[in-house]
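Source file work-v9.csv; content: CSV, N, CA and C atoms.
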```
chain,number,residue,atom,x,y,z
J,643,MET,N,9.2,-68.1,25.4
J,643,MET,CA,8.8,-69.5,25.2
J,643,MET,C,7.4,-69.8,25.9
J,644,GLN,N,7.2,-69.2,27.1
J,644,GLN,CA,6.0,-69.4,27.8
J,644,GLN,C,4.8,-68.8,27.0
J,645,GLU,N,5.0,-67.7,26.4
J,645,GLU,CA,4.0,-67.1,25.6
J,645,GLU,C,3.6,-67.9,24.4
J,646,LEU,N,4.6,-68.5,23.8
J,646,LEU,CA,4.4,-69.4,22.7
J,646,LEU,C,3.6,-70.6,23.1
J,647,LYS,N,3.9,-71.2,24.2
J,647,LYS,CA,3.1,-72.4,24.7
J,647,LYS,C,1.7,-72.0,25.0
J,648,ALA,N,1.6,-70.8,25.6
J,648,ALA,CA,0.2,-70.3,25.9
J,648,ALA,C,-0.6,-70.0,24.7
J,649,ALA,N,0.1,-69.4,23.7
J,649,ALA,CA,-0.6,-69.1,22.4
J,649,ALA,C,-1.1,-70.4,21.7
J,650,ASN,N,-0.3,-71.5,21.9
J,650,ASN,CA,-0.7,-72.7,21.2
J,650,ASN,C,-2.0,-73.3,21.8
J,651,GLN,N,-2.4,-72.8,23.0
J,651,GLN,CA,-3.7,-73.3,23.6
J,651,GLN,C,-4.9,-72.8,22.8
J,652,SER,N,-4.7,-71.8,22.0
J,652,SER,CA,-5.7,-71.2,21.2
J,652,SER,C,-6.0,-72.0,19.9
J,653,LYS,N,-7.2,-72.3,19.6
J,653,LYS,CA,-7.6,-73.0,18.4
J,653,LYS,C,-7.2,-72.2,17.2
J,654,ILE,N,-7.3,-70.9,17.3
J,654,ILE,CA,-7.0,-70.1,16.1
J,654,ILE,C,-5.5,-70.2,15.8
J,655,VAL,N,-4.6,-70.1,16.8
J,655,VAL,CA,-3.2,-70.3,16.6
J,655,VAL,C,-2.9,-71.7,16.1
J,656,GLN,N,-3.5,-72.7,16.6
J,656,GLN,CA,-3.3,-74.1,16.1
J,656,GLN,C,-3.6,-74.2,14.7
J,657,GLU,N,-4.7,-73.6,14.3
J,657,GLU,CA,-5.2,-73.7,12.9
J,657,GLU,C,-4.2,-72.9,12.0
J,658,LEU,N,-3.7,-71.7,12.4
J,658,LEU,CA,-2.8,-71.0,11.6
J,658,LEU,C,-1.5,-71.7,11.4
J,659,ILE,N,-1.0,-72.4,12.5
J,659,ILE,CA,0.2,-73.1,12.4
J,659,ILE,C,0.0,-74.3,11.4
J,660,ALA,N,-1.1,-75.0,11.5
J,660,ALA,CA,-1.4,-76.1,10.6
J,660,ALA,C,-1.5,-75.6,9.2
J,661,LYS,N,-2.1,-74.4,9.0
J,661,LYS,CA,-2.4,-73.9,7.7
J,661,LYS,C,-1.1,-73.6,6.9
J,662,ILE,N,0.0,-73.2,7.7
J,662,ILE,CA,1.2,-72.9,7.0
J,662,ILE,C,2.1,-74.2,6.9
J,663,GLY,N,1.6,-75.3,7.4
J,663,GLY,CA,2.2,-76.6,7.2
J,663,GLY,C,3.3,-76.9,8.2
J,664,LEU,N,3.2,-76.3,9.4
J,664,LEU,CA,4.2,-76.6,10.4
J,664,LEU,C,3.5,-77.3,11.6
J,665,SER,N,4.2,-78.1,12.3
J,665,SER,CA,3.7,-78.7,13.6
J,665,SER,C,4.1,-77.7,14.7
J,666,PHE,N,3.5,-77.9,15.9
J,666,PHE,CA,3.9,-77.1,17.0
J,666,PHE,C,5.4,-77.4,17.4
J,667,GLU,N,5.8,-78.6,17.3
J,667,GLU,CA,7.1,-79.0,17.6
J,667,GLU,C,8.1,-78.3,16.7
J,668,GLU,N,7.8,-78.1,15.4
J,668,GLU,CA,8.6,-77.4,14.4
J,668,GLU,C,8.7,-75.9,14.8
J,669,VAL,N,7.5,-75.4,15.2
J,669,VAL,CA,7.5,-74.0,15.7
J,669,VAL,C,8.4,-73.8,16.9
J,670,VAL,N,8.3,-74.7,17.8
J,670,VAL,CA,9.2,-74.6,19.0
J,670,VAL,C,10.7,-74.7,18.6
J,671,GLU,N,11.0,-75.6,17.6
J,671,GLU,CA,12.4,-75.7,17.2
J,671,GLU,C,12.8,-74.4,16.5
J,672,ILE,N,12.0,-73.8,15.7
J,672,ILE,CA,12.3,-72.5,15.1
J,672,ILE,C,12.6,-71.5,16.2
J,673,PHE,N,11.7,-71.5,17.2
J,673,PHE,CA,12.0,-70.5,18.3
J,673,PHE,C,13.3,-70.8,19.0
J,674,ARG,N,13.7,-72.0,19.2
J,674,ARG,CA,14.9,-72.4,19.9
J,674,ARG,C,16.1,-72.0,19.0
J,675,LEU,N,16.0,-72.2,17.7
J,675,LEU,CA,17.1,-71.8,16.8
J,675,LEU,C,17.3,-70.3,16.8
J,676,LEU,N,16.2,-69.5,16.8
J,676,LEU,CA,16.3,-68.1,16.8
J,676,LEU,C,16.7,-67.5,18.1
J,677,ASP,N,16.5,-68.3,19.2
J,677,ASP,CA,16.9,-67.8,20.6
J,677,ASP,C,18.2,-68.4,20.9
J,678,TYR,N,19.2,-68.1,20.1
J,678,TYR,CA,20.5,-68.7,20.3
J,678,TYR,C,21.2,-68.2,21.5
J,679,GLU,N,20.8,-67.1,22.1
J,679,GLU,CA,21.3,-66.6,23.4
J,679,GLU,C,20.6,-67.3,24.6
J,680,GLN,N,19.6,-68.0,24.3
J,680,GLN,CA,18.8,-68.8,25.3
J,680,GLN,C,18.3,-67.8,26.4
J,681,ARG,N,17.7,-66.7,25.9
J,681,ARG,CA,17.1,-65.8,26.8
J,681,ARG,C,15.6,-66.1,27.0
J,682,GLY,N,15.0,-67.0,26.2
J,682,GLY,CA,13.6,-67.3,26.4
J,682,GLY,C,12.7,-66.4,25.6
J,683,LYS,N,13.2,-65.4,24.9
J,683,LYS,CA,12.4,-64.5,24.1
J,683,LYS,C,13.1,-64.1,22.8
J,684,ILE,N,12.3,-63.8,21.8
J,684,ILE,CA,12.8,-63.3,20.5
J,684,ILE,C,11.8,-62.3,20.0
J,685,GLU,N,12.2,-61.5,19.0
J,685,GLU,CA,11.3,-60.6,18.4
J,685,GLU,C,10.2,-61.3,17.6
J,686,VAL,N,8.9,-60.8,17.7
J,686,VAL,CA,7.8,-61.4,17.1
J,686,VAL,C,8.0,-61.3,15.5
J,687,ALA,N,8.4,-60.2,15.1
J,687,ALA,CA,8.6,-60.0,13.6
J,687,ALA,C,9.6,-61.0,13.1
J,688,ARG,N,10.7,-61.2,13.8
J,688,ARG,CA,11.7,-62.1,13.4
J,688,ARG,C,11.2,-63.6,13.4
J,689,PHE,N,10.4,-63.9,14.4
J,689,PHE,CA,9.8,-65.2,14.5
J,689,PHE,C,8.9,-65.5,13.3
J,690,THR,N,8.0,-64.6,13.1
J,690,THR,CA,7.0,-64.8,12.0
J,690,THR,C,7.6,-64.8,10.6
J,691,ARG,N,8.7,-64.0,10.4
J,691,ARG,CA,9.4,-64.0,9.2
J,691,ARG,C,10.1,-65.4,9.0
J,692,ALA,N,10.7,-65.9,10.0
J,692,ALA,CA,11.3,-67.2,9.9
J,692,ALA,C,10.3,-68.3,9.6
J,693,CYS,N,9.1,-68.3,10.3
J,693,CYS,CA,8.1,-69.2,10.0
J,693,CYS,C,7.6,-69.2,8.5
J,694,ARG,N,7.4,-68.0,8.0
J,694,ARG,CA,7.0,-67.8,6.6
J,694,ARG,C,8.1,-68.3,5.7
J,695,GLU,N,9.3,-68.1,6.0
J,695,GLU,CA,10.4,-68.6,5.1
J,695,GLU,C,10.5,-70.1,5.1
J,696,LEU,N,10.1,-70.7,6.1
J,696,LEU,CA,10.2,-72.2,6.2
J,696,LEU,C,9.0,-72.9,5.6
J,697,VAL,N,8.0,-72.2,5.1
J,697,VAL,CA,6.8,-72.8,4.5
J,697,VAL,C,7.1,-73.4,3.2
J,698,GLY,N,8.2,-73.0,2.6
J,698,GLY,CA,8.5,-73.4,1.2
J,698,GLY,C,9.0,-74.9,1.0
J,699,GLY,N,8.9,-75.7,2.0
J,699,GLY,CA,9.2,-77.1,1.8
J,699,GLY,C,10.5,-77.4,2.6
J,700,VAL,N,10.9,-78.7,2.5
J,700,VAL,CA,12.0,-79.3,3.3
J,700,VAL,C,13.3,-78.6,2.9
J,701,LYS,N,13.6,-78.5,1.6
J,701,LYS,CA,14.9,-77.9,1.2
J,701,LYS,C,15.0,-76.4,1.7
J,702,ARG,N,13.9,-75.7,1.6
J,702,ARG,CA,13.9,-74.3,2.1
J,702,ARG,C,14.0,-74.3,3.6
J,703,ARG,N,13.4,-75.2,4.3
J,703,ARG,CA,13.5,-75.3,5.7
J,703,ARG,C,15.0,-75.6,6.1
J,704,ASP,N,15.6,-76.5,5.4
J,704,ASP,CA,17.0,-76.9,5.7
J,704,ASP,C,17.9,-75.7,5.5
J,705,LEU,N,17.6,-74.9,4.4
J,705,LEU,CA,18.5,-73.8,4.1
J,705,LEU,C,18.3,-72.7,5.2
J,706,ALA,N,17.0,-72.5,5.6
J,706,ALA,CA,16.7,-71.5,6.6
J,706,ALA,C,17.4,-71.9,8.0
J,707,GLN,N,17.3,-73.2,8.3
J,707,GLN,CA,17.9,-73.7,9.5
J,707,GLN,C,19.4,-73.5,9.5
J,708,VAL,N,20.1,-73.7,8.3
J,708,VAL,CA,21.5,-73.5,8.2
J,708,VAL,C,21.8,-72.0,8.4
J,709,GLU,N,20.9,-71.1,7.7
J,709,GLU,CA,21.1,-69.7,7.8
J,709,GLU,C,21.0,-69.2,9.3
J,710,ILE,N,20.1,-69.7,10.0
J,710,ILE,CA,19.9,-69.4,11.4
J,710,ILE,C,21.1,-69.9,12.2
J,711,THR,N,21.5,-71.1,12.0
J,711,THR,CA,22.6,-71.6,12.7
J,711,THR,C,23.9,-70.9,12.4
J,712,VAL,N,24.1,-70.5,11.2
J,712,VAL,CA,25.3,-69.7,10.9
J,712,VAL,C,25.2,-68.3,11.6
J,713,GLY,N,24.1,-67.7,11.6
J,713,GLY,CA,23.9,-66.5,12.3
J,713,GLY,C,24.2,-66.6,13.8
J,714,ALA,N,23.8,-67.7,14.4
J,714,ALA,CA,24.1,-67.9,15.8
J,714,ALA,C,25.6,-68.2,16.0
J,715,LEU,N,26.2,-68.9,15.1
J,715,LEU,CA,27.6,-69.1,15.2
J,715,LEU,C,28.4,-67.8,15.0
J,716,ALA,N,28.0,-67.0,14.1
J,716,ALA,CA,28.6,-65.7,13.9
J,716,ALA,C,28.6,-64.9,15.2
J,717,GLN,N,27.4,-64.9,15.9
J,717,GLN,CA,27.3,-64.2,17.1
J,717,GLN,C,28.2,-64.7,18.2
J,718,HIS,N,28.3,-66.0,18.3
J,718,HIS,CA,29.2,-66.7,19.2
J,718,HIS,C,30.7,-66.3,18.9
J,719,LEU,N,31.0,-66.3,17.7
J,719,LEU,CA,32.4,-65.9,17.3
J,719,LEU,C,32.7,-64.5,17.6
J,720,GLU,N,31.7,-63.6,17.4
J,720,GLU,CA,31.9,-62.2,17.8
J,720,GLU,C,32.1,-62.1,19.3
J,721,ASN,N,31.3,-62.8,20.1
J,721,ASN,CA,31.5,-62.8,21.5
J,721,ASN,C,32.9,-63.3,21.9
J,722,LEU,N,33.4,-64.4,21.3
J,722,LEU,CA,34.7,-64.9,21.6
J,722,LEU,C,35.8,-63.9,21.2
J,723,ASP,N,35.6,-63.2,20.0
J,723,ASP,CA,36.6,-62.2,19.6
J,723,ASP,C,36.7,-61.1,20.6
J,724,GLN,N,35.5,-60.7,21.1
J,724,GLN,CA,35.5,-59.6,22.2
J,724,GLN,C,36.2,-60.1,23.4
J,725,GLN,N,36.0,-61.4,23.8
J,725,GLN,CA,36.7,-61.9,25.0
J,725,GLN,C,38.2,-62.0,24.8
J,726,PHE,N,38.6,-62.4,23.6
J,726,PHE,CA,40.1,-62.5,23.3
J,726,PHE,C,40.7,-61.1,23.3
J,727,THR,N,40.0,-60.2,22.8
J,727,THR,CA,40.5,-58.8,22.8
J,727,THR,C,40.7,-58.3,24.2
J,728,TYR,N,39.7,-58.6,25.1
J,728,TYR,CA,39.8,-58.2,26.5
J,728,TYR,C,41.0,-59.0,27.2
J,729,ILE,N,41.2,-60.2,26.9
J,729,ILE,CA,42.3,-61.0,27.5
J,729,ILE,C,43.6,-60.4,27.0
J,730,GLU,N,43.7,-60.1,25.7
J,730,GLU,CA,45.0,-59.5,25.2
J,730,GLU,C,45.3,-58.2,25.9
J,731,LYS,N,44.3,-57.4,26.1
J,731,LYS,CA,44.5,-56.1,26.8
J,731,LYS,C,45.0,-56.4,28.3
J,732,GLU,N,44.4,-57.3,28.9
J,732,GLU,CA,44.8,-57.7,30.3
J,732,GLU,C,46.2,-58.2,30.3
J,733,ILE,N,46.6,-59.0,29.4
J,733,ILE,CA,48.0,-59.4,29.3
J,733,ILE,C,49.0,-58.3,29.1
J,734,ARG,N,48.6,-57.3,28.2
J,734,ARG,CA,49.5,-56.2,28.0
J,734,ARG,C,49.6,-55.4,29.3
J,735,ASP,N,48.5,-55.2,30.0
J,735,ASP,CA,48.5,-54.5,31.3
J,735,ASP,C,49.4,-55.2,32.3
J,736,VAL,N,49.3,-56.5,32.4
J,736,VAL,CA,50.1,-57.2,33.4
J,736,VAL,C,51.5,-57.1,33.0
J,737,THR,N,51.8,-57.2,31.7
J,737,THR,CA,53.2,-57.1,31.3
J,737,THR,C,53.8,-55.7,31.6
J,738,HIS,N,53.0,-54.7,31.4
J,738,HIS,CA,53.4,-53.3,31.8
J,738,HIS,C,53.7,-53.2,33.3
J,739,MET,N,52.7,-53.7,34.1
J,739,MET,CA,52.9,-53.7,35.5
J,739,MET,C,54.1,-54.4,36.0
J,740,THR,N,54.4,-55.6,35.3
J,740,THR,CA,55.6,-56.4,35.7
J,740,THR,C,56.9,-55.6,35.4
J,741,ALA,N,56.9,-55.0,34.2
J,741,ALA,CA,58.1,-54.2,33.8
J,741,ALA,C,58.3,-53.0,34.8
J,742,ASP,N,57.2,-52.4,35.1
J,742,ASP,CA,57.2,-51.2,36.0
J,742,ASP,C,57.7,-51.7,37.4
J,743,PHE,N,57.2,-52.9,37.9
J,743,PHE,CA,57.7,-53.4,39.1
J,743,PHE,C,59.2,-53.7,39.1
J,744,VAL,N,59.7,-54.3,38.1
J,744,VAL,CA,61.1,-54.6,38.0
J,744,VAL,C,61.9,-53.3,37.9
J,745,GLN,N,61.5,-52.3,37.1
J,745,GLN,CA,62.2,-51.1,37.0
J,745,GLN,C,62.2,-50.2,38.2
J,746,ASN,N,61.1,-50.2,39.0
J,746,ASN,CA,61.0,-49.3,40.1
J,746,ASN,C,61.2,-50.0,41.5
J,747,THR,N,60.3,-50.9,41.8
J,747,THR,CA,60.4,-51.6,43.1
J,747,THR,C,61.6,-52.4,43.3
J,748,VAL,N,61.9,-53.3,42.4
J,748,VAL,CA,63.0,-54.2,42.6
J,748,VAL,C,64.3,-53.4,42.6
J,749,ARG,N,64.4,-52.5,41.8
J,749,ARG,CA,65.6,-51.6,41.7
J,749,ARG,C,65.8,-50.9,43.1
J,750,ALA,N,64.7,-50.3,43.6
J,750,ALA,CA,64.8,-49.6,44.8
J,750,ALA,C,65.2,-50.5,46.0
J,751,LEU,N,64.7,-51.8,46.0
J,751,LEU,CA,65.0,-52.7,47.1
J,751,LEU,C,66.4,-53.4,47.0
J,752,THR,N,66.8,-53.7,45.7
J,752,THR,CA,68.1,-54.5,45.6
J,752,THR,C,69.1,-53.8,44.8
J,753,GLY,N,68.8,-52.8,44.0
J,753,GLY,CA,69.8,-52.1,43.1
J,753,GLY,C,69.9,-52.9,41.8
J,754,PHE,N,69.1,-54.0,41.7
J,754,PHE,CA,69.1,-54.7,40.4
J,754,PHE,C,68.1,-54.1,39.5
J,755,ASP,N,68.5,-53.7,38.3
J,755,ASP,CA,67.5,-53.1,37.4
J,755,ASP,C,67.0,-54.0,36.3
J,756,GLY,N,67.3,-55.3,36.3
J,756,GLY,CA,66.8,-56.2,35.3
J,756,GLY,C,67.5,-56.2,34.0
J,757,ASN,N,68.4,-55.3,33.8
J,757,ASN,CA,69.1,-55.2,32.5
J,757,ASN,C,70.5,-55.9,32.6
J,758,ARG,N,71.0,-56.1,33.8
J,758,ARG,CA,72.3,-56.8,33.9
J,758,ARG,C,72.2,-58.0,34.7
J,759,LYS,N,73.1,-58.9,34.5
J,759,LYS,CA,73.1,-60.1,35.3
J,759,LYS,C,73.5,-59.9,36.7
J,760,ALA,N,72.9,-60.6,37.6
J,760,ALA,CA,73.3,-60.5,39.0
J,760,ALA,C,74.7,-61.1,39.1
J,761,PRO,N,75.4,-60.5,40.1
J,761,PRO,CA,76.8,-61.0,40.2
J,761,PRO,C,76.8,-62.4,40.6
J,762,PRO,N,77.8,-63.2,40.2
J,762,PRO,CA,77.9,-64.6,40.5
J,762,PRO,C,78.1,-64.8,42.0
J,763,LYS,N,77.5,-65.9,42.5
J,763,LYS,CA,77.7,-66.2,43.9
J,763,LYS,C,79.1,-66.6,44.2
J,764,PRO,N,79.7,-66.2,45.3
J,764,PRO,CA,81.1,-66.6,45.6
J,764,PRO,C,81.2,-68.1,45.8
J,765,ARG,N,82.3,-68.7,45.3
J,765,ARG,CA,82.5,-70.1,45.4
J,765,ARG,C,83.1,-70.4,46.7
J,766,ARG,N,82.6,-71.5,47.2
J,766,ARG,CA,83.2,-72.0,48.5
J,766,ARG,C,84.3,-73.0,48.1
J,767,ASP,N,85.4,-72.8,48.7
J,767,ASP,CA,86.5,-73.7,48.5
J,767,ASP,C,86.5,-74.7,49.7
J,768,ASN,N,86.2,-75.9,49.5
J,768,ASN,CA,86.1,-76.9,50.5
J,768,ASN,C,87.4,-77.7,50.7
J,769,SER,N,88.4,-77.3,50.0
J,769,SER,CA,89.7,-78.0,50.2
J,769,SER,C,90.3,-77.6,51.5
J,770,PRO,N,91.0,-78.5,52.2
J,770,PRO,CA,91.7,-78.2,53.5
J,770,PRO,C,92.8,-77.2,53.2
J,771,SER,N,92.9,-76.3,54.2
J,771,SER,CA,93.9,-75.3,54.0
J,771,SER,C,95.2,-75.8,54.5
J,772,ASN,N,96.3,-75.3,53.9
J,772,ASN,CA,97.6,-75.8,54.2
J,772,ASN,C,98.4,-74.8,55.0
J,773,THR,N,97.8,-74.2,55.9
J,773,THR,CA,98.5,-73.2,56.8
J,773,THR,C,98.9,-73.9,58.0
J,774,GLY,N,100.0,-73.7,58.5
J,774,GLY,CA,100.3,-74.5,59.6
J,774,GLY,C,101.1,-73.9,60.6
```
For the file at hand, write its structure as structure tokens.
Amino acid sequence: MQELKAANQSKIVQELIAKIGLSFEEVVEIFRLLDYEQRGKIEVARFTRACRELVGGVKRRDLAQVEITVGALAQHLENLDQQFTYIEKEIRDVTHMTADFVQNTVRALTGFDGNRKAPPKPRRDNSPSNTG
């Protein structure tokens, strides 16, 4: 983004932007749309291609903006899918560790293997005894 702002200081660049019918604000907006990861940089070829595609008028610009936005959303969805896959793996690992803990550690400490119910607690009989 800094390079784009610096380039706009040049009369030649300003004339080229005006020649293709874009304002600098529109150029900055194109840059922001293409930089959906917000890294502050994009490929020059991709940027110039997007600018050329947008020269065709408002409808074409709108279509290109939708296309860029859809591309950004697709990338975000891909990232979310990767994160969900990682979370699912972590859950499987924790489930396995829990089962292992019950089968090994708890059994070794208590004799309880997790497959049978624990014996019922003895009932206390609070009634007075009739022994005399």
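As for atom CA of J:Gly682 and atom CA of J:Met643, they are spaced 5.4 Å apart.
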Between atom CA of J:Glu668 and atom N of J:Lys683, what is the distance, to one decimal in Å?
-> 16.6 Å
Using atom CA of J:Gln644 and atom CA of J:Glu695 as the two end points, give the distance in Å to one decimal.
-> 23.1 Å
Rebuild stretch 721-741 of chain J so that it carries N, CA, C and O atoms, then output the result as a PDB file, in the coordinates of the input.
```
ATOM      1  N   ASN J 721      31.300 -62.800  20.100  1.00  0.00           N
ATOM      2  CA  ASN J 721      31.500 -62.800  21.500  1.00  0.00           C
ATOM      3  C   ASN J 721      32.900 -63.300  21.900  1.00  0.00           C
ATOM      4  O   ASN J 721      33.576 -62.728  22.785  1.00  0.00           O
ATOM      5  N   LEU J 722      33.400 -64.400  21.300  1.00  0.00           N
ATOM      6  CA  LEU J 722      34.700 -64.900  21.600  1.00  0.00           C
ATOM      7  C   LEU J 722      35.800 -63.900  21.200  1.00  0.00           C
ATOM      8  O   LEU J 722      36.764 -63.730  21.919  1.00  0.00           O
ATOM      9  N   ASP J 723      35.600 -63.200  20.000  1.00  0.00           N
ATOM     10  CA  ASP J 723      36.600 -62.200  19.600  1.00  0.00           C
ATOM     11  C   ASP J 723      36.700 -61.100  20.600  1.00  0.00           C
ATOM     12  O   ASP J 723      37.759 -60.655  20.962  1.00  0.00           O
ATOM     13  N   GLN J 724      35.500 -60.700  21.100  1.00  0.00           N
ATOM     14  CA  GLN J 724      35.500 -59.600  22.200  1.00  0.00           C
ATOM     15  C   GLN J 724      36.200 -60.100  23.400  1.00  0.00           C
ATOM     16  O   GLN J 724      37.004 -59.361  24.051  1.00  0.00           O
ATOM     17  N   GLN J 725      36.000 -61.400  23.800  1.00  0.00           N
ATOM     18  CA  GLN J 725      36.700 -61.900  25.000  1.00  0.00           C
ATOM     19  C   GLN J 725      38.200 -62.000  24.800  1.00  0.00           C
ATOM     20  O   GLN J 725      38.968 -61.688  25.699  1.00  0.00           O
ATOM     21  N   PHE J 726      38.600 -62.400  23.600  1.00  0.00           N
ATOM     22  CA  PHE J 726      40.100 -62.500  23.300  1.00  0.00           C
ATOM     23  C   PHE J 726      40.700 -61.100  23.300  1.00  0.00           C
ATOM     24  O   PHE J 726      41.809 -60.958  23.813  1.00  0.00           O
ATOM     25  N   THR J 727      40.000 -60.200  22.800  1.00  0.00           N
ATOM     26  CA  THR J 727      40.500 -58.800  22.800  1.00  0.00           C
ATOM     27  C   THR J 727      40.700 -58.300  24.200  1.00  0.00           C
ATOM     28  O   THR J 727      41.713 -57.696  24.570  1.00  0.00           O
ATOM     29  N   TYR J 728      39.700 -58.600  25.100  1.00  0.00           N
ATOM     30  CA  TYR J 728      39.800 -58.200  26.500  1.00  0.00           C
ATOM     31  C   TYR J 728      41.000 -59.000  27.200  1.00  0.00           C
ATOM     32  O   TYR J 728      41.792 -58.336  27.902  1.00  0.00           O
ATOM     33  N   ILE J 729      41.200 -60.200  26.900  1.00  0.00           N
ATOM     34  CA  ILE J 729      42.300 -61.000  27.500  1.00  0.00           C
ATOM     35  C   ILE J 729      43.600 -60.400  27.000  1.00  0.00           C
ATOM     36  O   ILE J 729      44.566 -60.299  27.799  1.00  0.00           O
ATOM     37  N   GLU J 730      43.700 -60.100  25.700  1.00  0.00           N
ATOM     38  CA  GLU J 730      45.000 -59.500  25.200  1.00  0.00           C
ATOM     39  C   GLU J 730      45.300 -58.200  25.900  1.00  0.00           C
ATOM     40  O   GLU J 730      46.452 -57.956  26.244  1.00  0.00           O
ATOM     41  N   LYS J 731      44.300 -57.400  26.100  1.00  0.00           N
ATOM     42  CA  LYS J 731      44.500 -56.100  26.800  1.00  0.00           C
ATOM     43  C   LYS J 731      45.000 -56.400  28.300  1.00  0.00           C
ATOM     44  O   LYS J 731      45.890 -55.735  28.757  1.00  0.00           O
ATOM     45  N   GLU J 732      44.400 -57.300  28.900  1.00  0.00           N
ATOM     46  CA  GLU J 732      44.800 -57.700  30.300  1.00  0.00           C
ATOM     47  C   GLU J 732      46.200 -58.200  30.300  1.00  0.00           C
ATOM     48  O   GLU J 732      46.962 -57.807  31.254  1.00  0.00           O
ATOM     49  N   ILE J 733      46.600 -59.000  29.400  1.00  0.00           N
ATOM     50  CA  ILE J 733      48.000 -59.400  29.300  1.00  0.00           C
ATOM     51  C   ILE J 733      49.000 -58.300  29.100  1.00  0.00           C
ATOM     52  O   ILE J 733      50.004 -58.213  29.758  1.00  0.00           O
ATOM     53  N   ARG J 734      48.600 -57.300  28.200  1.00  0.00           N
ATOM     54  CA  ARG J 734      49.500 -56.200  28.000  1.00  0.00           C
ATOM     55  C   ARG J 734      49.600 -55.400  29.300  1.00  0.00           C
ATOM     56  O   ARG J 734      50.662 -54.906  29.675  1.00  0.00           O
ATOM     57  N   ASP J 735      48.500 -55.200  30.000  1.00  0.00           N
ATOM     58  CA  ASP J 735      48.500 -54.500  31.300  1.00  0.00           C
ATOM     59  C   ASP J 735      49.400 -55.200  32.300  1.00  0.00           C
ATOM     60  O   ASP J 735      50.147 -54.499  33.019  1.00  0.00           O
ATOM     61  N   VAL J 736      49.300 -56.500  32.400  1.00  0.00           N
ATOM     62  CA  VAL J 736      50.100 -57.200  33.400  1.00  0.00           C
ATOM     63  C   VAL J 736      51.500 -57.100  33.000  1.00  0.00           C
ATOM     64  O   VAL J 736      52.416 -56.958  33.868  1.00  0.00           O
ATOM     65  N   THR J 737      51.800 -57.200  31.700  1.00  0.00           N
ATOM     66  CA  THR J 737      53.200 -57.100  31.300  1.00  0.00           C
ATOM     67  C   THR J 737      53.800 -55.700  31.600  1.00  0.00           C
ATOM     68  O   THR J 737      54.921 -55.619  32.091  1.00  0.00           O
ATOM     69  N   HIS J 738      53.000 -54.700  31.400  1.00  0.00           N
ATOM     70  CA  HIS J 738      53.400 -53.300  31.800  1.00  0.00           C
ATOM     71  C   HIS J 738      53.700 -53.200  33.300  1.00  0.00           C
ATOM     72  O   HIS J 738      54.650 -52.626  33.700  1.00  0.00           O
ATOM     73  N   MET J 739      52.700 -53.700  34.100  1.00  0.00           N
ATOM     74  CA  MET J 739      52.900 -53.700  35.500  1.00  0.00           C
ATOM     75  C   MET J 739      54.100 -54.400  36.000  1.00  0.00           C
ATOM     76  O   MET J 739      54.837 -53.970  36.875  1.00  0.00           O
ATOM     77  N   THR J 740      54.400 -55.600  35.300  1.00  0.00           N
ATOM     78  CA  THR J 740      55.600 -56.400  35.700  1.00  0.00           C
ATOM     79  C   THR J 740      56.900 -55.600  35.400  1.00  0.00           C
ATOM     80  O   THR J 740      57.795 -55.499  36.211  1.00  0.00           O
ATOM     81  N   ALA J 741      56.900 -55.000  34.200  1.00  0.00           N
ATOM     82  CA  ALA J 741      58.100 -54.200  33.800  1.00  0.00           C
ATOM     83  C   ALA J 741      58.300 -53.000  34.800  1.00  0.00           C
ATOM     84  O   ALA J 741      59.380 -52.693  35.196  1.00  0.00           O
TER      85      ALA J 741
END
```
